[in-house]
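These notes concern the structure reproduced below.
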Amino acid sequence: MPASGPIQVPVEGFVSFTIAILLLFIGKSITQRSPLLRKYSIPEPVIGGFVCAATVAVLYYVFGRQIEFDLEARDALLLYFFAGIGLRADIATLVKGGRPLFTLLLLASSFIVLQNLLGMAVAGGFGMDPKAGLLSGSISLTGGVGTTLAWAPTFVDELGIANAMELGIASNTVGLIAACVIGGPIARYLIQRHRIQPSGDNDLDIGIQHDDEHRTHLSYYGVLWAWLWLNVCLMLGYSLNETLEEAGVKLPMFVSCLIAGILVGNLGRWLSRNRERQWADEGQQGLALISDICLGMFLTMALMGLKLWELEGLLGYLSIAMGTQIALSISFTLLLVYRLMGKNYDAVVVSAGFGGITLGSTATAIVNMTAVTQQYGASHQAFIIVPLVCGFFIDIVNALVIGFFVGL
């Protein structure tokens with residue numbers, strides 16, 4: 001690396017998007033050739049994204065080049081993805097999901113408290129301000145990058161923790177990587193350990209089952225039909241988000257698009273219940289295809305943006321802090337989440353996504369659940385309650401808990 005520092009190499013948006021497509025092909029190819037990766041339902045976008053992150057790190061350390069991808073398209077992909085979940089959501093399933101949703105919210109809220117207590121204990125053990133442990137707790141892990149960026153100035157200005165931003169971003173990076181790889185093994189362990197009967201339902205919320213890839217019927221009008229209604233949901237979602245903000249209620253944009261999808265999808269099914277449904281049925285296949293592509297591209301682009309060199313100088317602390325956080329998440333999932341969510345296949349899929357809730361992001365939770373359902377069958381309930389808990393309720397709880405610990 002040059003003594004003056006790495007040379008910045010910007011990669012504009014169109015090229016970054018094209019590279020992400022190539023990485024998805026690479027991830028799929030590697031996964032198809034690896035029975036181990038398929039056995040443990042490791043998502044294909046994770047493999048492609050890691051290949052890119054590792055390559056970028058080599059370019060940084062060996063050749064002194066820092067690749068900067070323009071990832072603006074990533075956020076739009078997330079909106080399409082959640083609008084697609086909403087369009088496929090049936091109100092009857094939502095009603096049945098009321099109690100599980102409350103249970104999952106209670107579990108996730110309890111975990112936030114444990115996560116912060118653990119983070120503060122580890123930080124104190126390293127001779128740091130215990131409150132610095134919150135940055136390796138729910139701020140960066142449950143909250144993600146956005147919450148880290150929002151709270152870091154408070155830690156710098158009011159608590160005197162100068163490296164708060166670096167600590168939070170590094171913890172989020174490790175957490176995201178861990179969340180991507182633990183979901184599939186957790187699901188496989190629970191299915192085998194408790195002899196759970198998978199649903200075998202091919203009507204997946206996202207994507208298609210591995211064994212059905214060559215039998216899926218797609219049509220030009222089916223994809224176009226799905227694309228039309230996804231755009232309608234995004235427009236409605238933007239309007240809903242602006243209306244709520246004017247009323248003093250702030251939601252993540254993807255939650256507004258999820259709600260819009262639920263409203264549009266159920267209204268459309270009600271209006272067309274006695275009519276010809278050929279286009280609607282073909283549209284379901286098109287919707288599954290578009291949603292699968294958007295989710296895969298989003299996670300690939302998220303991993304493309306990882307800067308592994310930012311972990312330097314924090315390896316000792318991060319090894320202990322994140323090792324214990326990951327162990328806590330896995331133990332909590334196996335001992336409490338699976339049992340309290342019903343000890344059935346839906347509970348298995350929720351458990352696969354719980355690491356995304358507690359260590360990564362909403363998209364990580366969903367991509368883990370998608371990989372599991374592609375192998376074992378659909379879980380419609382899981383794909384409704386996990387996004388709602390991840391994307392809406394838990395942010396409110398997390399903000400209150402963080403405020404409490406910071407104010408101690």
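Residue numbering restarts at 1 for every chain of the structure tokens, chains are lettered A, B, ... in their displayed order, and ligands are numbered from 1 as they appear.
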Spatial neighbours of region 341-350 of chain A, 6 Å, only C-alpha atoms, chain gap at least 6 places, as number ranges by chain: A: 187, 198, 369, 379, 382
Considering only C-alpha atoms, tabulate each residue of region 266-354 of chain A that lies at most 9 Å from region 129-147 of chain A along with its nearest interatomic pair and the corresponding distance in Å to one decimal; arrange the rows by chain and ascending residue number and present them as a Markdown table.
```
| residue | atom | partner | partner_atom | distance |
| --- | --- | --- | --- | --- |
| A:Leu318 | CA | A:Ser136 | CA | 8.2 |
| A:Ala321 | CA | A:Ser136 | CA | 6.9 |
| A:Met322 | CA | A:Ser136 | CA | 7.3 |
| A:Gln325 | CA | A:Gly137 | CA | 7.9 |
```
Contacts of Thr31 (chain A) at 7 Å or less, counting only C-alpha atoms, minus same-chain residues fewer than 6 places along, as number ranges by chain? A: 37-38, 44
Kindly indicate which residue among A:Ile394, A:Ile259, A:Ser109, A:Thr333 lies nearest to Thr362 (chain A), using only C-alpha atoms for the distances. A:Ile394
Assign secondary structure with DSSP using the backbone only, and return the residues of region 119-325 of chain A in helix (DSSP H, G or I) as a ChimeraX atom specification. /A:119-125,130-136,144-157,164-193,210-212,220-246,253-271,278-304,308-311,315-325
List the spatial neighbours of Leu303 (chain A) as number ranges by chain - criterion: any atom at most 7 Å away, only C-alpha atoms, same-chain residues fewer than 4 positions off excluded. A: 49-50, 53, 299
Could you tell me how far CA of Leu328 (chain A) sits from CA of Val156 (chain A), in Å to one decimal place?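 Computing the Euclidean distance for CA of Val156 (chain A) and CA of Leu328 (chain A) yields 27.7 Å.
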All residues 10 Å or closer to Val386 (chain A), only C-alpha atoms, same chain fewer than 2 positions away omitted, as a CSV table (one decimal) with N, CA and C atoms, in the first residue's frame:
```
chain,number,residue,atom,x,y,z
A,100,PRO,N,-48.4,-15.2,17.5
A,100,PRO,CA,-46.9,-15.4,17.3
A,100,PRO,C,-46.2,-14.1,17.1
A,101,LEU,N,-46.8,-13.1,16.5
A,101,LEU,CA,-46.1,-11.8,16.3
A,101,LEU,C,-45.8,-11.2,17.7
A,104,LEU,N,-42.9,-13.2,19.3
A,104,LEU,CA,-41.6,-12.9,18.8
A,104,LEU,C,-41.1,-11.5,19.2
A,105,LEU,N,-42.1,-10.6,19.2
A,105,LEU,CA,-41.7,-9.2,19.7
A,105,LEU,C,-41.2,-9.2,21.1
A,349,VAL,N,-38.4,-21.9,10.9
A,349,VAL,CA,-38.1,-20.9,9.9
A,349,VAL,C,-37.9,-19.5,10.6
A,350,VAL,N,-38.7,-19.2,11.6
A,350,VAL,CA,-38.5,-18.0,12.4
A,350,VAL,C,-37.2,-18.1,13.1
A,351,SER,N,-36.8,-19.2,13.6
A,351,SER,CA,-35.5,-19.4,14.3
A,351,SER,C,-34.4,-19.1,13.3
A,353,GLY,N,-34.4,-17.1,11.0
A,353,GLY,CA,-34.3,-15.6,10.7
A,353,GLY,C,-34.0,-14.8,12.0
A,354,PHE,N,-34.0,-15.5,13.1
A,354,PHE,CA,-33.8,-14.7,14.4
A,354,PHE,C,-32.4,-14.1,14.5
A,356,GLY,N,-30.8,-12.9,12.0
A,356,GLY,CA,-30.9,-11.6,11.3
A,356,GLY,C,-31.4,-10.5,12.1
A,357,ILE,N,-32.4,-10.8,12.9
A,357,ILE,CA,-33.0,-9.8,13.8
A,357,ILE,C,-32.0,-9.3,14.8
A,362,THR,N,-32.9,-6.8,8.7
A,362,THR,CA,-34.2,-7.4,8.3
A,362,THR,C,-33.9,-8.3,7.0
A,365,ALA,N,-32.3,-11.6,7.8
A,365,ALA,CA,-33.3,-12.5,8.4
A,365,ALA,C,-34.1,-13.2,7.3
A,366,ILE,N,-34.5,-12.3,6.3
A,366,ILE,CA,-35.4,-12.9,5.3
A,366,ILE,C,-34.6,-13.8,4.3
A,369,MET,N,-34.3,-17.1,5.9
A,369,MET,CA,-35.5,-17.9,5.9
A,369,MET,C,-35.8,-18.3,4.4
A,381,GLN,N,-46.5,-17.7,7.5
A,381,GLN,CA,-46.6,-17.0,8.8
A,381,GLN,C,-45.3,-16.3,9.1
A,382,ALA,N,-44.2,-17.1,8.9
A,382,ALA,CA,-42.9,-16.5,9.3
A,382,ALA,C,-42.6,-15.3,8.5
A,383,PHE,N,-43.0,-15.3,7.2
A,383,PHE,CA,-42.6,-14.2,6.3
A,383,PHE,C,-43.5,-13.0,6.5
A,384,ILE,N,-44.5,-13.1,7.4
A,384,ILE,CA,-45.2,-11.9,7.8
A,384,ILE,C,-44.7,-11.3,9.1
A,388,LEU,N,-42.4,-7.6,10.1
A,388,LEU,CA,-43.1,-6.7,10.9
A,388,LEU,C,-42.3,-6.4,12.2
A,389,VAL,N,-41.9,-7.5,12.9
A,389,VAL,CA,-41.1,-7.3,14.1
A,389,VAL,C,-39.8,-6.6,13.8
A,390,CYS,N,-39.1,-7.1,12.8
A,390,CYS,CA,-37.7,-6.5,12.4
A,390,CYS,C,-37.9,-5.0,12.0
A,391,GLY,N,-38.8,-4.8,11.1
A,391,GLY,CA,-38.8,-3.5,10.5
A,391,GLY,C,-39.6,-2.4,11.2
A,392,PHE,N,-40.4,-2.7,12.2
A,392,PHE,CA,-41.2,-1.7,12.8
A,392,PHE,C,-41.1,-1.7,14.3
```
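Between Ile169 (chain A) and the candidates A:Leu23, A:Ala121, A:Ile330, A:Leu308, the tightest atom-to-atom separation, counting only C-alpha atoms, involves A:Leu308.
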Best match for closeness to Met235 (chain A) among A:Val264, A:Val181, A:Leu114, A:Ala152, counting only C-alpha atoms: A:Val264
Mind giving me the straight-line distance from CA of Trp229 (chain A) to CA of Gly265 (chain A) in Å, one decimal?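 Pair CA of Trp229 (chain A) / CA of Gly265 (chain A) returns 8.6 Å.
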Extract the full set of strand (DSSP E or B) residues from region 28-206 of chain A according to DSSP on the backbone, and format it as a PyMOL selection string. chain A and resi 65-69
Considering only C-alpha atoms, can you say which of A:Thr300, A:Thr324, A:Asn398, A:Gln375 comes closest to Ile21 (chain A)? A:Thr300
All residues 6 Å or closer to Cys233 (chain A), only C-alpha atoms, same chain fewer than 4 positions away omitted, as a ChimeraX atom specification: /A:237,260-261
Would you save the residues of that selection, restricted to N, CA and C atoms, as a compact mmCIF listing (two decimals), in the first residue's frame?
```
# COMPACT_ATOMS: atom_id res chain seq x y z
N GLY A 237 -46.76 3.15 -1.12
CA GLY A 237 -45.91 3.14 0.05
C GLY A 237 -45.26 4.49 0.31
N ALA A 260 -48.40 -1.33 2.17
CA ALA A 260 -49.08 -1.05 0.91
C ALA A 260 -49.32 -2.34 0.13
N GLY A 261 -48.33 -3.23 0.12
CA GLY A 261 -48.49 -4.50 -0.57
C GLY A 261 -49.59 -5.35 0.03
```
